[in-house]
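Everything on this sheet refers to the single structure shown next.
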Amino acid sequence: EMTPDEAAFQDKIDADIKIEPRDWMPEGYRKTLIRQIGQHAHSEIVGQLPEGNWITRAPTLERKAILLAKVQDEAGHGLYLYSAAETLGITRDEMTEQLLDGRAKYSSIFNYPTLNWADIGAVGWLVDGAAIMNQVPLQRTSYGPYSRAMIRICKEESFHQRQGYDIVMKMAQGSPEQRKMAQDALNRLWYPSLMMFGPSDKDSVHSAQSMAWKIKINTNDELRQKFVDQTVPQAEFLGLTIPDENLKWNEEKGGYDFSEPDWGEFFDVLKGNGPCNQDRMATRNKAWDDGAWVREGLMAHAEKKRAAKLA
Ligand code: ACO
């Protein structure tokens, strides 16, 4: 049974009226948003690590400038998202602490390594491609600050996806060795990219309520299907092969049939057992600890200013 407040809230959602920070909202709505936006922000921040690793090794000055800009964009996305979450009554420091002590999740994909330059192309093409597929509908999410953050983020993500596709295209059209590297990157990153959309709908604990609240617009499986349908022709254009023997156009559904990722591996990565989980967390913890003196210095300065004003 809904209370009158809850019923009025649901009416607004159903009428596509945005919810703003000062509006009444159910506690579950607030908590779900903090969880999802927080996880999203952490993904942007941790997501800098696999690519940041290659800034110093980019093959040309132009590629280096592009990658540097892209990684900086990801930091910016993390900051808009933390700001959006802060409007729900949590601080960025609290969210950071939740990430660093393992209470908050971040996207499974960033626990996989980037072994060579072809992987940087595949990350832009597939990982940013999957990210946009999920984020374009989120521009219409019911919470105002989150939906507005998504508009700018999506514009930047589409540039990221193109730069990745451009790297893979150069390699796919390059020497036999480069072509092999591009195919190998696709082989390794395909299934982890499919996992980004979350567990299959039957195992998605939050989807039903999140969709009723229009926090989520599509189910995990709907977006995964759209991603496969979009990406297969892109791979064909490059002359690369999606590593799935069961991939087949299904005329009736108007989409591809494809193999599910290994869900055992997915849940294992979520538990902290992916190839890079420990390394990613160690890097973020070190950055936080190394920055303590800056935070303390800023606080001391603010305190001094405040005391001077009072005097
Ligand atoms: N990586 C890590 N955790 C995941 C992933 C994933 N790929 N997919 C699902 N999960 C977690 C959920 O957070 C949830 O865990 P929790 O209950 O402990 O919080 C659990 O698995 C169950 O999944 P769902 O019930 O399906 O969870 P939810 O409704 O939150 O859907 C989704 C997951 C689709 C990722 C959703 O949270 C979302 O759309 N988030 C915003 C987009 C985002 O975070 N993108 C990050 C990657 S893109 C990038 O940064 C470049």
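Within each chain, counting starts at residue 1; across the structure tokens, chains are named A, B, ... in the order shown, with ligands numbered 1 upward in that order.
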Residue contacts of A:Met2 (12 Å, only C-alpha atoms) excluding same-chain residues fewer than 6 positions away, as an MDAnalysis selection string: chainID A and resid 8:11 26
DSSP alpha helix (DSSP H) residues within stretch 50-267 of chain A, as a ChimeraX atom specification: /A:50-52,61-86,92-100,117-122,128-138,144-172,176-195,207-212,220-238,263-267
Atom CA of A:Ala41 to atom CA of A:Asn220, straight-line distance in Å: 18.9 Å
Neighbour list for A:Arg35 as a VMD selection string, cut-off 9 Å, only C-alpha atoms, skip fewer than 4 positions in-chain: chain A and resid 30 to 31 39 to 40 85 104 to 105
What does the file look like for those residues with C-alpha atoms, as a short mmCIF file (atom, residue, chain, number, x, y, z; two decimals), in the first residue's frame?
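This went into selection-v9.cif:
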data_model
loop_
_atom_site.label_atom_id
_atom_site.label_comp_id
_atom_site.auth_asym_id
_atom_site.auth_seq_id
_atom_site.Cartn_x
_atom_site.Cartn_y
_atom_site.Cartn_z
CA ARG A 30 17.10 8.27 -2.65
CA LYS A 31 19.17 5.22 -1.65
CA GLN A 39 28.78 3.39 -8.71
CA HIS A 40 28.66 5.26 -11.99
CA ALA A 85 24.82 12.38 -5.91
CA ALA A 104 30.66 0.55 -3.18
CA LYS A 105 31.00 -1.14 -6.54
#
May I have the residues within 10 Å of stretch 276-284 of chain A as an mmCIF file with C-alpha atoms, in the first residue's frame, using only C-alpha atoms and disregarding those fewer than 2 positions away in the same chain?
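Writing the result to selection.cif gives the following:
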data_model
loop_
_atom_site.group_PDB
_atom_site.id
_atom_site.type_symbol
_atom_site.label_atom_id
_atom_site.label_comp_id
_atom_site.auth_asym_id
_atom_site.auth_seq_id
_atom_site.Cartn_x
_atom_site.Cartn_y
_atom_site.Cartn_z
ATOM 1 C CA ILE A 45 37.260 7.529 -11.854
ATOM 2 C CA VAL A 46 38.605 3.951 -11.813
ATOM 3 C CA GLY A 47 38.070 3.839 -15.586
ATOM 4 C CA LEU A 49 43.435 3.743 -14.846
ATOM 5 C CA PRO A 50 43.503 1.244 -17.740
ATOM 6 C CA THR A 96 35.106 7.878 -1.938
ATOM 7 C CA LEU A 99 34.757 2.887 -2.823
ATOM 8 C CA LEU A 100 38.112 2.577 -1.112
ATOM 9 C CA ASP A 101 36.967 0.181 1.602
ATOM 10 C CA GLY A 102 35.075 -1.990 -0.892
ATOM 11 C CA SER A 108 33.374 -4.816 -13.665
ATOM 12 C CA ILE A 109 35.032 -3.900 -16.973
ATOM 13 C CA PHE A 110 37.775 -1.839 -15.342
ATOM 14 C CA ASN A 111 39.138 -4.926 -13.619
ATOM 15 C CA TYR A 112 40.488 -6.179 -16.945
ATOM 16 C CA PRO A 113 43.968 -5.165 -18.148
ATOM 17 C CA VAL A 269 34.899 -10.106 -10.639
ATOM 18 C CA LEU A 270 32.219 -8.337 -8.539
ATOM 19 C CA LYS A 271 33.527 -10.183 -5.476
ATOM 20 C CA GLY A 272 36.974 -8.696 -6.085
ATOM 21 C CA ASN A 273 38.591 -11.608 -7.905
ATOM 22 C CA GLY A 274 39.061 -10.147 -11.395
ATOM 23 C CA LYS A 286 47.446 5.358 -2.746
ATOM 24 C CA ALA A 287 46.146 8.404 -4.654
ATOM 25 C CA TRP A 288 43.749 9.204 -1.777
ATOM 26 C CA ASP A 289 46.474 8.783 0.860
ATOM 27 C CA ASP A 290 49.025 10.778 -1.140
#
Non-local contacts of A:Gln225 (10 Å; only C-alpha atoms; under 5 positions in same chain excluded) as JSON, numbers by chain: {"A": [194, 197, 220, 230, 231, 255, 256, 257, 258]}
Could those residues be written to a file, using N, CA, C and O atoms, as a short mmCIF file (atom, residue, chain, number, x, y, z; two decimals), in the first residue's frame?
data_model
loop_
_atom_site.label_atom_id
_atom_site.label_comp_id
_atom_site.auth_asym_id
_atom_site.auth_seq_id
_atom_site.Cartn_x
_atom_site.Cartn_y
_atom_site.Cartn_z
N LEU A 194 30.10 -7.12 -22.82
CA LEU A 194 28.70 -7.54 -22.66
C LEU A 194 28.27 -7.57 -21.19
O LEU A 194 27.11 -7.33 -20.86
N PHE A 197 26.53 -4.42 -18.96
CA PHE A 197 25.10 -4.11 -18.84
C PHE A 197 24.46 -4.72 -17.60
O PHE A 197 23.28 -4.51 -17.34
N ASN A 220 18.56 -4.61 -18.44
CA ASN A 220 19.94 -4.94 -18.79
C ASN A 220 20.01 -5.70 -20.12
O ASN A 220 20.85 -5.43 -20.97
N GLN A 230 24.25 -3.21 -32.72
CA GLN A 230 24.99 -2.06 -33.23
C GLN A 230 26.43 -2.42 -33.59
O GLN A 230 27.01 -1.89 -34.53
N THR A 231 27.03 -3.32 -32.80
CA THR A 231 28.47 -3.56 -32.90
C THR A 231 28.84 -4.57 -33.99
O THR A 231 29.90 -4.45 -34.61
N GLY A 255 17.06 -9.02 -34.63
CA GLY A 255 18.31 -8.79 -33.90
C GLY A 255 19.15 -10.05 -33.97
O GLY A 255 18.72 -11.07 -34.51
N TYR A 256 20.37 -9.98 -33.42
CA TYR A 256 21.25 -11.13 -33.44
C TYR A 256 20.98 -12.04 -32.24
O TYR A 256 20.69 -11.55 -31.14
N ASP A 257 21.08 -13.35 -32.48
CA ASP A 257 21.20 -14.28 -31.37
C ASP A 257 22.69 -14.32 -31.02
O ASP A 257 23.53 -14.24 -31.92
N PHE A 258 23.01 -14.42 -29.76
CA PHE A 258 24.42 -14.41 -29.36
C PHE A 258 24.60 -15.18 -28.06
O PHE A 258 23.63 -15.44 -27.34
#
Straight-line distance linking atom 35 (C, counted along the ligand's line) of ligand 1 with atom CA of A:Gly52, stated in Å to one decimal: 22.6 Å
Nearby residues (only C-alpha atoms) at most 12 Å from A:Ile37, same-chain spacing under 5 positions excluded, as a PyMOL selection string: chain A and resi 29-32+42-44+77-88+90+92+95+104-107+135+138+141+143+145-147+149-150+215-216
Nearest residue to ligand 1 from the set A:Glu251, A:Asp201, A:Glu260, A:Asp268 (distances using only C-alpha atoms and all ligand atoms): A:Asp201
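Going from atom CA of A:Ala212 over to atom CA of A:Cys154, you cover 23.4 Å.
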Who sits within 10 Å of A:Trp54, only C-alpha atoms, same chain under 5 positions skipped, as a PyMOL selection string: chain A and resi 49+59+64+67-68+114-117+119-120
Take the residues from that selection and put them in a file with all heavy atoms, as a compact mmCIF listing (two decimals), in the first residue's frame.
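Output file out-v2.txt follows:
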# COMPACT_ATOMS: atom_id res chain seq x y z
N LEU A 49 42.18 4.46 -15.08
CA LEU A 49 43.43 3.74 -14.85
C LEU A 49 43.90 2.89 -16.03
O LEU A 49 45.07 3.01 -16.42
CB LEU A 49 43.34 2.90 -13.56
CG LEU A 49 43.05 3.72 -12.29
CD1 LEU A 49 42.86 2.79 -11.09
CD2 LEU A 49 44.18 4.71 -12.01
N PRO A 59 51.35 5.91 -29.58
CA PRO A 59 52.30 5.81 -30.69
C PRO A 59 52.64 7.12 -31.39
O PRO A 59 53.70 7.21 -32.01
CB PRO A 59 51.61 4.84 -31.67
CG PRO A 59 50.17 4.87 -31.32
CD PRO A 59 50.10 5.17 -29.86
N LYS A 64 48.47 10.74 -28.46
CA LYS A 64 48.71 11.04 -27.05
C LYS A 64 47.80 12.19 -26.59
O LYS A 64 47.19 12.14 -25.53
CB LYS A 64 50.18 11.43 -26.87
CG LYS A 64 50.66 11.59 -25.44
CD LYS A 64 52.06 12.21 -25.49
CE LYS A 64 52.72 12.31 -24.14
NZ LYS A 64 53.60 11.17 -23.90
N LEU A 67 44.20 10.92 -26.32
CA LEU A 67 43.98 10.04 -25.16
C LEU A 67 44.00 10.84 -23.86
O LEU A 67 43.19 10.61 -22.96
CB LEU A 67 45.04 8.93 -25.15
CG LEU A 67 44.85 7.85 -24.08
CD1 LEU A 67 43.52 7.10 -24.26
CD2 LEU A 67 46.00 6.85 -24.08
N LEU A 68 44.91 11.81 -23.80
CA LEU A 68 45.00 12.65 -22.61
C LEU A 68 43.67 13.39 -22.39
O LEU A 68 43.14 13.43 -21.28
CB LEU A 68 46.14 13.65 -22.82
CG LEU A 68 46.61 14.48 -21.64
CD1 LEU A 68 47.09 13.57 -20.52
CD2 LEU A 68 47.74 15.41 -22.07
N THR A 114 44.69 -3.58 -19.85
CA THR A 114 44.94 -3.11 -21.22
C THR A 114 46.38 -3.48 -21.55
O THR A 114 47.31 -2.85 -21.05
CB THR A 114 44.75 -1.58 -21.33
OG1 THR A 114 45.37 -0.96 -20.20
CG2 THR A 114 43.29 -1.21 -21.36
N LEU A 115 46.54 -4.51 -22.35
CA LEU A 115 47.88 -5.10 -22.55
C LEU A 115 48.71 -4.40 -23.61
O LEU A 115 49.93 -4.48 -23.60
CB LEU A 115 47.73 -6.57 -22.94
CG LEU A 115 46.98 -7.46 -21.94
CD1 LEU A 115 46.86 -8.89 -22.48
CD2 LEU A 115 47.67 -7.46 -20.57
N ASN A 116 48.02 -3.75 -24.56
CA ASN A 116 48.77 -3.13 -25.66
C ASN A 116 47.92 -2.04 -26.29
O ASN A 116 46.79 -1.80 -25.87
CB ASN A 116 49.18 -4.20 -26.69
CG ASN A 116 47.98 -4.97 -27.20
OD1 ASN A 116 46.95 -4.38 -27.53
ND2 ASN A 116 48.09 -6.28 -27.26
N TRP A 117 48.45 -1.38 -27.33
CA TRP A 117 47.76 -0.24 -27.92
C TRP A 117 46.42 -0.63 -28.56
O TRP A 117 45.46 0.14 -28.54
CB TRP A 117 48.67 0.48 -28.93
CG TRP A 117 48.02 1.71 -29.47
CD1 TRP A 117 47.54 1.89 -30.73
CD2 TRP A 117 47.74 2.91 -28.75
NE1 TRP A 117 46.96 3.14 -30.84
CE2 TRP A 117 47.08 3.78 -29.64
CE3 TRP A 117 47.97 3.34 -27.42
CZ2 TRP A 117 46.64 5.06 -29.27
CZ3 TRP A 117 47.55 4.61 -27.06
CH2 TRP A 117 46.89 5.45 -27.97
N ASP A 119 44.33 -2.63 -27.39
CA ASP A 119 43.34 -2.64 -26.31
C ASP A 119 42.78 -1.25 -26.06
O ASP A 119 41.61 -1.09 -25.69
CB ASP A 119 43.96 -3.16 -25.00
CG ASP A 119 44.17 -4.68 -25.03
OD1 ASP A 119 44.03 -5.28 -26.11
OD2 ASP A 119 44.47 -5.25 -23.96
N ILE A 120 43.60 -0.22 -26.26
CA ILE A 120 43.11 1.15 -26.06
C ILE A 120 42.05 1.47 -27.12
O ILE A 120 41.03 2.09 -26.83
CB ILE A 120 44.29 2.16 -26.09
CG1 ILE A 120 45.25 1.87 -24.92
CG2 ILE A 120 43.81 3.61 -26.03
CD1 ILE A 120 44.62 1.94 -23.54
